file input.txt (compact mmCIF, C-alpha atoms and all ligand atoms)
# COMPACT_ATOMS: atom_id res chain seq x y z
CA MET A 22 0.00 0.00 0.00
CA THR A 23 1.40 3.38 -0.90
CA MET A 24 1.80 6.18 1.56
CA VAL A 25 -0.91 8.20 -0.20
CA LEU A 26 -3.45 5.38 -0.05
CA SER A 27 -2.79 4.56 3.56
CA ARG A 28 -3.05 8.20 4.46
CA ARG A 29 -6.36 8.58 2.64
CA ARG A 30 -7.70 5.46 4.22
CA PHE A 31 -6.55 6.74 7.58
CA LEU A 32 -8.39 10.02 7.12
CA ARG A 33 -11.59 8.20 6.15
CA LEU A 34 -11.36 5.78 9.06
CA SER A 35 -10.49 8.43 11.60
CA THR A 36 -13.49 10.51 10.56
CA ALA A 37 -15.69 7.45 11.16
CA GLY A 38 -13.90 6.87 14.43
CA ALA A 39 -14.43 10.39 15.69
CA GLY A 40 -18.18 10.08 14.98
CA ALA A 41 -18.38 6.80 16.85
CA LEU A 42 -16.55 8.27 19.83
CA LEU A 43 -19.09 11.05 20.13
CA LEU A 44 -21.99 8.62 20.22
CA SER A 45 -20.69 6.02 22.66
CA GLY A 46 -18.78 5.54 25.90
CA CYS A 47 -15.05 5.03 25.61
CA ASP A 48 -14.94 1.81 27.64
CA ARG A 49 -17.20 0.01 25.26
CA LEU A 50 -15.47 1.42 22.23
CA THR A 51 -11.93 0.39 23.05
CA GLN A 52 -13.22 -3.18 23.11
CA ASP A 53 -14.78 -2.68 19.74
CA GLU A 54 -12.52 -4.29 17.16
CA ARG A 55 -13.22 -1.67 14.55
CA VAL A 56 -12.14 1.15 16.84
CA GLN A 57 -9.11 -0.81 17.95
CA HIS A 58 -8.16 -1.14 14.32
CA ILE A 59 -8.65 2.59 13.74
CA LEU A 60 -6.42 3.41 16.68
CA GLU A 61 -3.72 1.08 15.40
CA MET A 62 -3.97 2.57 11.94
CA ALA A 63 -3.70 6.05 13.37
CA GLU A 64 -0.59 5.13 15.26
CA SER A 65 1.14 3.51 12.32
CA VAL A 66 0.28 6.35 9.95
CA THR A 67 1.50 8.91 12.48
CA LYS A 68 4.76 7.02 12.79
CA ALA A 69 5.22 6.77 9.03
CA THR A 70 4.38 10.44 8.55
CA GLN A 71 6.77 11.51 11.25
CA ARG A 72 9.49 9.34 9.83
CA ALA A 73 8.97 10.81 6.37
CA LEU A 74 8.94 14.38 7.65
CA LEU A 75 11.56 14.15 10.35
CA SER A 76 14.00 11.66 8.88
CA LYS A 77 17.34 13.42 8.88
CA GLY A 78 19.08 10.38 7.48
CA ALA A 79 17.11 9.99 4.26
CA LEU A 80 19.45 9.15 1.41
CA ALA A 81 19.72 10.96 -1.88
CA ARG A 82 19.04 8.67 -4.83
CA GLU A 83 22.04 6.73 -6.09
CA TYR A 84 22.49 5.67 -9.72
CA THR A 85 24.40 3.03 -11.68
CA GLU A 86 27.48 3.23 -13.91
CA ALA A 87 25.15 3.13 -16.92
CA ASP A 88 23.63 6.45 -15.80
CA LEU A 89 26.94 8.37 -15.68
CA SER A 90 26.83 11.58 -17.72
CA PRO A 91 29.25 11.47 -20.65
CA VAL A 92 30.14 15.09 -19.87
CA PHE A 93 30.05 16.61 -16.43
CA LYS A 94 29.94 20.38 -16.75
CA VAL A 95 32.53 22.46 -14.91
CA ASN A 96 31.03 25.42 -13.10
CA GLY A 97 32.41 28.37 -11.16
CA THR A 98 36.16 28.26 -10.67
CA ASN A 99 37.96 25.79 -12.95
CA MET A 100 41.38 26.45 -11.41
CA PRO A 101 42.13 28.71 -8.44
CA ASP A 102 44.34 31.73 -9.17
CA GLY A 103 47.55 32.39 -7.35
CA GLU A 104 51.00 30.99 -6.79
CA GLU A 105 50.12 28.92 -3.77
CA TYR A 106 47.64 26.73 -5.60
CA ALA A 107 49.90 26.53 -8.66
CA ARG A 108 52.75 25.26 -6.48
CA LEU A 109 50.53 22.64 -4.83
CA MET A 110 49.24 21.49 -8.22
CA ASP A 111 52.75 21.26 -9.75
CA ASN A 112 53.72 18.97 -6.91
CA ASN A 113 50.70 16.72 -7.44
CA PHE A 114 49.26 18.01 -4.16
CA ALA A 115 51.90 16.18 -2.09
CA GLU A 116 52.38 19.33 0.03
CA TRP A 117 48.68 20.09 0.28
CA ARG A 118 47.07 19.67 3.70
CA LEU A 119 43.50 19.83 4.90
CA VAL A 120 43.41 21.68 8.21
CA VAL A 121 40.61 20.75 10.63
CA ASP A 122 40.41 23.19 13.51
CA GLY A 123 38.13 25.38 15.59
CA LEU A 124 35.91 23.69 18.17
CA VAL A 125 37.70 20.33 18.10
CA SER A 126 39.77 18.58 20.74
CA HIS A 127 42.49 17.43 18.28
CA PRO A 128 43.14 19.86 15.43
CA LEU A 129 44.30 17.97 12.33
CA SER A 130 46.46 18.63 9.31
CA LEU A 131 45.79 15.83 6.84
CA SER A 132 47.59 14.96 3.61
CA LEU A 133 45.79 13.22 0.75
CA ALA A 134 47.49 9.98 1.82
CA ASP A 135 46.13 10.48 5.35
CA LEU A 136 42.61 10.96 3.97
CA LYS A 137 42.92 7.85 1.82
CA ARG A 138 43.71 5.79 4.93
CA PHE A 139 40.20 6.43 6.27
CA PRO A 140 37.42 4.06 5.12
CA SER A 141 36.15 5.33 1.77
CA ARG A 142 32.73 5.62 0.20
CA THR A 143 31.84 5.65 -3.50
CA GLN A 144 28.48 6.98 -4.67
CA ILE A 145 26.89 7.75 -8.03
CA THR A 146 24.63 10.76 -7.64
CA ARG A 147 23.02 13.56 -9.57
CA HIS A 148 24.40 17.06 -9.17
CA ASP A 149 21.82 19.82 -9.60
CA CYS A 150 23.00 23.38 -10.20
CA VAL A 151 20.67 26.32 -9.63
CA GLU A 152 21.60 27.51 -13.09
CA GLY A 153 19.43 24.73 -14.48
CA TRP A 154 21.71 21.85 -15.41
CA SER A 155 22.28 18.44 -13.84
CA ALA A 156 24.89 15.74 -14.26
CA ILE A 157 25.43 12.27 -12.83
CA GLY A 158 28.89 11.48 -11.53
CA LYS A 159 30.68 8.91 -9.41
CA TRP A 160 32.46 10.24 -6.34
CA THR A 161 34.91 8.55 -4.01
CA GLY A 162 36.07 9.96 -0.73
CA VAL A 163 36.06 9.83 3.02
CA PRO A 164 32.84 10.44 4.95
CA LEU A 165 33.17 13.87 6.54
CA GLY A 166 31.77 12.45 9.80
CA LEU A 167 34.76 10.12 10.17
CA VAL A 168 37.21 13.02 9.83
CA LEU A 169 35.26 15.12 12.32
CA GLN A 170 35.10 12.19 14.72
CA SER A 171 38.85 11.80 14.62
CA ALA A 172 39.25 15.53 15.34
CA GLY A 173 36.82 15.18 18.26
CA LEU A 174 34.03 17.76 18.38
CA LEU A 175 33.74 20.01 21.41
CA PRO A 176 30.22 20.17 22.87
CA ASN A 177 29.50 23.64 21.45
CA ALA A 178 30.44 22.73 17.84
CA ARG A 179 27.37 23.36 15.63
CA TYR A 180 28.64 24.00 12.09
CA ALA A 181 31.40 22.83 9.82
CA VAL A 182 32.73 25.76 7.77
CA LEU A 183 34.65 24.72 4.66
CA TYR A 184 37.16 27.14 3.16
CA CYS A 185 38.33 26.89 -0.44
CA ALA A 186 41.50 27.90 -2.28
CA ASP A 187 39.69 30.15 -4.76
CA SER A 188 38.21 33.62 -4.66
CA LEU A 189 35.52 34.66 -7.10
CA GLU A 190 35.90 38.34 -6.30
CA GLU A 191 38.79 40.50 -5.25
CA THR A 192 37.68 42.30 -2.12
CA PRO A 193 39.95 44.02 0.41
CA ASP A 194 38.53 42.02 3.34
CA GLY A 195 38.93 38.73 1.53
CA SER A 196 35.19 38.06 1.47
CA GLY A 197 35.51 36.95 -2.13
CA GLN A 198 36.91 33.63 -0.94
CA TYR A 199 34.63 30.69 -1.71
CA TYR A 200 33.39 28.95 1.42
CA GLU A 201 30.45 26.88 2.55
CA SER A 202 29.00 25.49 5.76
CA LEU A 203 26.93 22.55 7.00
CA ASP A 204 25.12 21.77 10.22
CA LEU A 205 25.99 18.57 12.07
CA ILE A 206 23.07 16.66 10.54
CA ASP A 207 24.44 17.09 7.03
CA ALA A 208 28.08 16.89 8.18
CA PHE A 209 27.44 13.40 9.61
CA HIS A 210 25.07 12.24 6.85
CA PRO A 211 26.47 9.03 5.30
CA GLN A 212 26.54 10.52 1.77
CA THR A 213 28.42 13.64 2.85
CA ILE A 214 31.95 12.91 1.72
CA LEU A 215 35.22 14.70 1.10
CA ALA A 216 35.84 13.46 -2.43
CA TYR A 217 39.32 12.89 -3.87
CA GLY A 218 38.09 10.71 -6.73
CA MET A 219 35.68 11.24 -9.62
CA ASN A 220 34.47 8.64 -12.13
CA GLY A 221 37.20 6.23 -11.04
CA ASP A 222 40.13 8.67 -11.40
CA ASP A 223 41.74 11.31 -9.24
CA LEU A 224 39.54 14.36 -8.86
CA PRO A 225 40.41 16.66 -11.80
CA VAL A 226 41.53 20.23 -11.11
CA ALA A 227 38.46 21.63 -12.87
CA HIS A 228 36.21 19.69 -10.48
CA GLY A 229 38.01 20.76 -7.30
CA ALA A 230 41.32 18.90 -6.88
CA PRO A 231 42.62 17.72 -4.60
CA LEU A 232 39.48 17.59 -2.43
CA ARG A 233 35.87 18.73 -2.69
CA LEU A 234 32.71 18.34 -0.69
CA ARG A 235 29.78 16.20 -1.84
CA VAL A 236 26.61 16.87 0.14
CA GLU A 237 24.10 15.01 -1.94
CA ARG A 238 20.78 16.32 -0.62
CA GLN A 239 21.68 19.90 -1.48
CA LEU A 240 22.22 22.02 -4.58
CA GLY A 241 25.47 22.39 -6.50
CA TYR A 242 26.82 25.52 -4.86
CA LYS A 243 27.02 23.75 -1.48
CA HIS A 244 29.55 21.28 -2.97
CA ALA A 245 32.66 23.31 -2.19
CA LYS A 246 35.67 22.55 -4.40
CA TYR A 247 39.41 23.13 -3.63
CA LEU A 248 39.05 22.50 0.11
CA MET A 249 41.81 23.87 2.34
CA ARG A 250 40.34 24.06 5.80
CA ILE A 251 37.37 22.89 7.84
CA GLN A 252 36.63 24.94 10.92
CA MET A 253 34.10 23.83 13.53
CA THR A 254 32.16 26.77 14.96
CA ASP A 255 29.18 27.52 17.18
CA SER A 256 27.92 30.30 14.89
CA LEU A 257 28.21 31.50 11.30
CA ALA A 258 27.68 35.14 12.25
CA GLY A 259 31.31 36.26 12.42
CA ILE A 260 32.44 34.57 9.19
CA ALA A 261 32.70 36.58 5.93
CA GLY A 262 29.19 37.95 5.21
CA GLY A 263 27.72 35.92 8.10
CA LYS A 264 25.31 33.80 6.03
CA GLY A 265 27.38 30.64 5.89
CA GLY A 266 28.62 30.63 2.31
CA TYR A 267 29.89 32.61 -0.63
CA TRP A 268 26.55 32.45 -2.48
CA GLU A 269 24.52 32.64 0.75
CA ASP A 270 26.24 35.97 1.49
CA ARG A 271 24.91 37.06 -1.91
CA GLY A 272 21.30 36.00 -1.26
CA TYR A 273 21.09 32.26 -1.89
CA GLU A 274 19.48 29.87 0.61
CA TRP A 275 21.75 28.40 3.28
CA TYR A 276 19.81 25.13 3.29
CA ALA A 277 19.79 24.43 -0.42
CA GLY A 278 17.64 21.27 -0.32
CA ILE A 279 16.88 19.59 -3.62
N1 LIG B 1 35.51 26.49 -4.49
C1 LIG B 1 34.44 26.51 -5.29
N2 LIG B 1 33.50 25.58 -5.12
C2 LIG B 1 32.40 25.56 -5.90
C3 LIG B 1 32.20 26.54 -6.91
C4 LIG B 1 33.22 27.52 -7.07
O1 LIG B 1 33.16 28.41 -7.94
N3 LIG B 1 34.32 27.46 -6.24
N4 LIG B 1 31.04 26.52 -7.68
C5 LIG B 1 29.90 25.77 -7.14
C6 LIG B 1 28.82 25.52 -8.08
S1 LIG B 1 27.70 26.77 -8.36
C7 LIG B 1 28.61 24.31 -8.65
S2 LIG B 1 27.27 23.96 -9.62
C8 LIG B 1 29.60 23.23 -8.46
C9 LIG B 1 30.16 22.82 -9.80
O2 LIG B 1 31.00 21.72 -9.66
P1 LIG B 1 31.69 21.14 -10.95
O3 LIG B 1 32.60 22.21 -11.50
O4 LIG B 1 32.40 19.92 -10.50
O5 LIG B 1 30.57 20.84 -11.91
O6 LIG B 1 30.69 23.60 -7.60
C10 LIG B 1 30.34 24.44 -6.55
N5 LIG B 1 31.49 24.58 -5.71
MO MO B 2 25.88 25.73 -9.29

call {"tool": "encode", "arguments": {"input": "input.txt", "output": "structure tokens"}}
result
Amino acid sequence: MTMVLSRRRFLRLSTAGAGALLLSGCDRLTQDERVQHILEMAESVTKATQRALLSKGALAREYTEADLSPVFKVNGTNMPDGEEYARLMDNNFAEWRLVVDGLVSHPLSLSLADLKRFPSRTQITRHDCVEGWSAIGKWTGVPLGLVLQSAGLLPNARYAVLYCADSLEETPDGSGQYYESLDLIDAFHPQTILAYGMNGDDLPVAHGAPLRLRVERQLGYKHAKYLMRIQMTDSLAGIAGGKGGYWEDRGYEWYAGI
């Protein structure tokens, strides 16, 4: 039975049930099999509805190799400017480190090799950009939750703020730097990964090498490329424009659910 049918049936039955309750004493009615059934139905529908509405762990759809897009569009930065990134790239990112700091008990500085020692996850998902295009790609990386666990969150940690190597705008205060943020529900979601692989190869520079975020229940701009640092914070207010991301500071939604 589909959710819609059971819900409809529930509404019909509960209307009948409410009428019956008005006409009779409760003692007699709870022994009435029909009412018992209505009460059970009500409970199971309530549970299912709550699960559907409240489920924080719901998975984004995953696809098969046959669904992979032959071309995955590159959007936004396709290679960060500046000598620092150029040097890292020339050296095949051997000197690159991901810093994990802020409200953690053990700040980390992780090389790509360090990240590859964590258990990995591979997922084939559809990327949806607000500009109106989608593409299906295969991503391999380490679940962000495992990295955060190994850094040890302090009790007041609420958000993971992810800083990127690129700036889309030159501004004196540096607010042109690309960054993004997640709450702990999305940070620990099983499909939220720090990806170092794409379609079976190393992550290409155009798609965010050496490391990018995949947060599969949200829109494309949340998927920060060229990650350099993850800072755990209790508030987004003091960071750049205060809205939790480069595009959020320019008016986009912070929770960019698909
Ligand atoms: N650092 C950084 N991350 C970024 C962007 C960017 O310009 N810089 N663009 C975002 C947008 S709008 C999209 S749709 C995706 C595009 O990822 P792709 O180039 O792998 O398709 O990256 C997102 N992450
Ligand atoms: Mo996008």

call {"tool": "axis_aligned_box", "arguments": {"input": "input.txt", "around": "range 230-249 of chain A", "padding_each_side": "4 Å", "output": "AutoDock Vina command-line options"}}
result
--center_x 31.7 --center_y 20.3 --center_z -2.3 --size_x 29.8 --size_y 18.5 --size_z 17.2

call {"tool": "residues_near_ligand", "arguments": {"input": "input.txt", "ligand": "ligand MO 2 (chain B)", "cutoff": "12 Å", "atoms": "only C-alpha atoms and all ligand atoms", "output": "ChimeraX atom specification"}}
result
/A:94-98,148-156,239-246,267-268,273,277

call {"tool": "write_last_selection", "arguments": {"input": "input.txt", "atoms": "C-alpha atoms", "output": "mmCIF file, keeping the file's coordinate frame"}}
result
data_model
loop_
_atom_site.group_PDB
_atom_site.id
_atom_site.type_symbol
_atom_site.label_atom_id
_atom_site.label_comp_id
_atom_site.auth_asym_id
_atom_site.auth_seq_id
_atom_site.Cartn_x
_atom_site.Cartn_y
_atom_site.Cartn_z
ATOM 1 C CA LYS A 94 29.940 20.380 -16.750
ATOM 2 C CA VAL A 95 32.530 22.460 -14.910
ATOM 3 C CA ASN A 96 31.030 25.420 -13.100
ATOM 4 C CA GLY A 97 32.410 28.370 -11.160
ATOM 5 C CA THR A 98 36.160 28.260 -10.670
ATOM 6 C CA HIS A 148 24.400 17.060 -9.170
ATOM 7 C CA ASP A 149 21.820 19.820 -9.600
ATOM 8 C CA CYS A 150 23.000 23.380 -10.200
ATOM 9 C CA VAL A 151 20.670 26.320 -9.630
ATOM 10 C CA GLU A 152 21.600 27.510 -13.090
ATOM 11 C CA GLY A 153 19.430 24.730 -14.480
ATOM 12 C CA TRP A 154 21.710 21.850 -15.410
ATOM 13 C CA SER A 155 22.280 18.440 -13.840
ATOM 14 C CA ALA A 156 24.890 15.740 -14.260
ATOM 15 C CA GLN A 239 21.680 19.900 -1.480
ATOM 16 C CA LEU A 240 22.220 22.020 -4.580
ATOM 17 C CA GLY A 241 25.470 22.390 -6.500
ATOM 18 C CA TYR A 242 26.820 25.520 -4.860
ATOM 19 C CA LYS A 243 27.020 23.750 -1.480
ATOM 20 C CA HIS A 244 29.550 21.280 -2.970
ATOM 21 C CA ALA A 245 32.660 23.310 -2.190
ATOM 22 C CA LYS A 246 35.670 22.550 -4.400
ATOM 23 C CA TYR A 267 29.890 32.610 -0.630
ATOM 24 C CA TRP A 268 26.550 32.450 -2.480
ATOM 25 C CA TYR A 273 21.090 32.260 -1.890
ATOM 26 C CA ALA A 277 19.790 24.430 -0.420
#

call {"tool": "closest_residue", "arguments": {"input": "input.txt", "among": "A:Gly123, A:Pro91, A:Gly262, A:Gly158", "to": "ligand LIG 1 (chain B)", "atoms": "only C-alpha atoms and all ligand atoms"}}
result
A:Gly158

call {"tool": "closest_residue", "arguments": {"input": "input.txt", "among": "A:Met219, A:Leu136, A:Val226, A:Ile145", "to": "Asp102 in chain A", "atoms": "all atoms listed in the file"}}
result
A:Val226

call {"tool": "closest_residue", "arguments": {"input": "input.txt", "among": "A:Ser171, A:Asn220, A:Asn99, A:Asn113", "to": "ligand LIG 1 (chain B)", "atoms": "only C-alpha atoms and all ligand atoms"}}
result
A:Asn99

call {"tool": "closest_residue", "arguments": {"input": "input.txt", "among": "A:Ile260, A:Ile157, A:Leu169, A:Ala227", "to": "Thr85 in chain A", "atoms": "all atoms listed in the file"}}
result
A:Ile157

call {"tool": "closest_residue", "arguments": {"input": "input.txt", "among": "A:Ala134, A:Leu203, A:Cys185, A:Leu174", "to": "ligand LIG 1 (chain B)", "atoms": "all atoms listed in the file"}}
result
A:Cys185

call {"tool": "closest_residue", "arguments": {"input": "input.txt", "among": "A:Gly166, A:Pro176, A:Arg82, A:Val125", "to": "Phe139 in chain A", "atoms": "all atoms listed in the file"}}
result
A:Gly166

call {"tool": "residues_around", "arguments": {"input": "input.txt", "residues": "Val168 in chain A", "least_positions_apart": "4", "cutoff": "10 Å", "atoms": "only C-alpha atoms", "output": "list in words"}}
result
Val121, Leu129, Leu131, Leu136, Phe139, Val163, Pro164, Ala172, Gly173, Phe209, Ile214 and Leu215 of chain A

call {"tool": "atom_distance", "arguments": {"input": "input.txt", "atom1": "CA of Leu257 in chain A", "atom2": "CA of Trp275 in chain A"}}
result
10.8 Å

call {"tool": "residues_around", "arguments": {"input": "input.txt", "residues": "Gly103 in chain A", "least_positions_apart": "2", "cutoff": "10 Å", "atoms": "only C-alpha atoms", "output": "PyMOL selection string"}}
result
chain A and resi 100-101+105-108+186-188

call {"tool": "residues_near_point", "arguments": {"input": "input.txt", "point": "(27.3, 16.9, 14.1)", "cutoff": "8 Å", "atoms": "all atoms listed in the file", "output": "PyMOL selection string"}}
result
chain A and resi 166+178-180+204-209

call {"tool": "build_atoms", "arguments": {"input": "input.txt", "residues": "range 101-113 of chain A", "atoms": "N, CA and C atoms", "output": "PDB file, keeping the file's coordinate frame"}}
result
ATOM      1  N   PRO A 101      41.908  27.515  -9.276  1.00  0.00           N
ATOM      2  CA  PRO A 101      42.130  28.710  -8.440  1.00  0.00           C
ATOM      3  C   PRO A 101      43.324  29.519  -8.933  1.00  0.00           C
ATOM      4  N   ASP A 102      43.222  30.841  -8.845  1.00  0.00           N
ATOM      5  CA  ASP A 102      44.340  31.730  -9.170  1.00  0.00           C
ATOM      6  C   ASP A 102      45.392  31.645  -8.073  1.00  0.00           C
ATOM      7  N   GLY A 103      46.544  32.167  -8.398  1.00  0.00           N
ATOM      8  CA  GLY A 103      47.550  32.390  -7.350  1.00  0.00           C
ATOM      9  C   GLY A 103      48.651  31.365  -7.333  1.00  0.00           C
ATOM     10  N   GLU A 104      49.791  31.826  -6.801  1.00  0.00           N
ATOM     11  CA  GLU A 104      51.000  30.990  -6.790  1.00  0.00           C
ATOM     12  C   GLU A 104      50.863  29.808  -5.862  1.00  0.00           C
ATOM     13  N   GLU A 105      50.160  29.997  -4.756  1.00  0.00           N
ATOM     14  CA  GLU A 105      50.120  28.920  -3.770  1.00  0.00           C
ATOM     15  C   GLU A 105      49.462  27.674  -4.363  1.00  0.00           C
ATOM     16  N   TYR A 106      48.317  27.881  -5.016  1.00  0.00           N
ATOM     17  CA  TYR A 106      47.640  26.730  -5.600  1.00  0.00           C
ATOM     18  C   TYR A 106      48.471  26.128  -6.736  1.00  0.00           C
ATOM     19  N   ALA A 107      49.086  27.010  -7.540  1.00  0.00           N
ATOM     20  CA  ALA A 107      49.900  26.530  -8.660  1.00  0.00           C
ATOM     21  C   ALA A 107      51.034  25.637  -8.156  1.00  0.00           C
ATOM     22  N   ARG A 108      51.654  26.056  -7.051  1.00  0.00           N
ATOM     23  CA  ARG A 108      52.750  25.260  -6.480  1.00  0.00           C
ATOM     24  C   ARG A 108      52.245  23.907  -6.006  1.00  0.00           C
ATOM     25  N   LEU A 109      51.099  23.905  -5.320  1.00  0.00           N
ATOM     26  CA  LEU A 109      50.530  22.640  -4.830  1.00  0.00           C
ATOM     27  C   LEU A 109      50.217  21.703  -5.992  1.00  0.00           C
ATOM     28  N   MET A 110      49.652  22.283  -7.054  1.00  0.00           N
ATOM     29  CA  MET A 110      49.240  21.490  -8.220  1.00  0.00           C
ATOM     30  C   MET A 110      50.475  20.894  -8.920  1.00  0.00           C
ATOM     31  N   ASP A 111      51.536  21.720  -9.073  1.00  0.00           N
ATOM     32  CA  ASP A 111      52.750  21.260  -9.750  1.00  0.00           C
ATOM     33  C   ASP A 111      53.366  20.068  -9.034  1.00  0.00           C
ATOM     34  N   ASN A 112      53.146  20.025  -7.734  1.00  0.00           N
ATOM     35  CA  ASN A 112      53.720  18.970  -6.910  1.00  0.00           C
ATOM     36  C   ASN A 112      52.730  17.828  -6.686  1.00  0.00           C
ATOM     37  N   ASN A 113      51.713  17.783  -7.542  1.00  0.00           N
ATOM     38  CA  ASN A 113      50.700  16.720  -7.440  1.00  0.00           C
ATOM     39  C   ASN A 113      50.004  16.674  -6.079  1.00  0.00           C
TER      40      ASN A 113
END
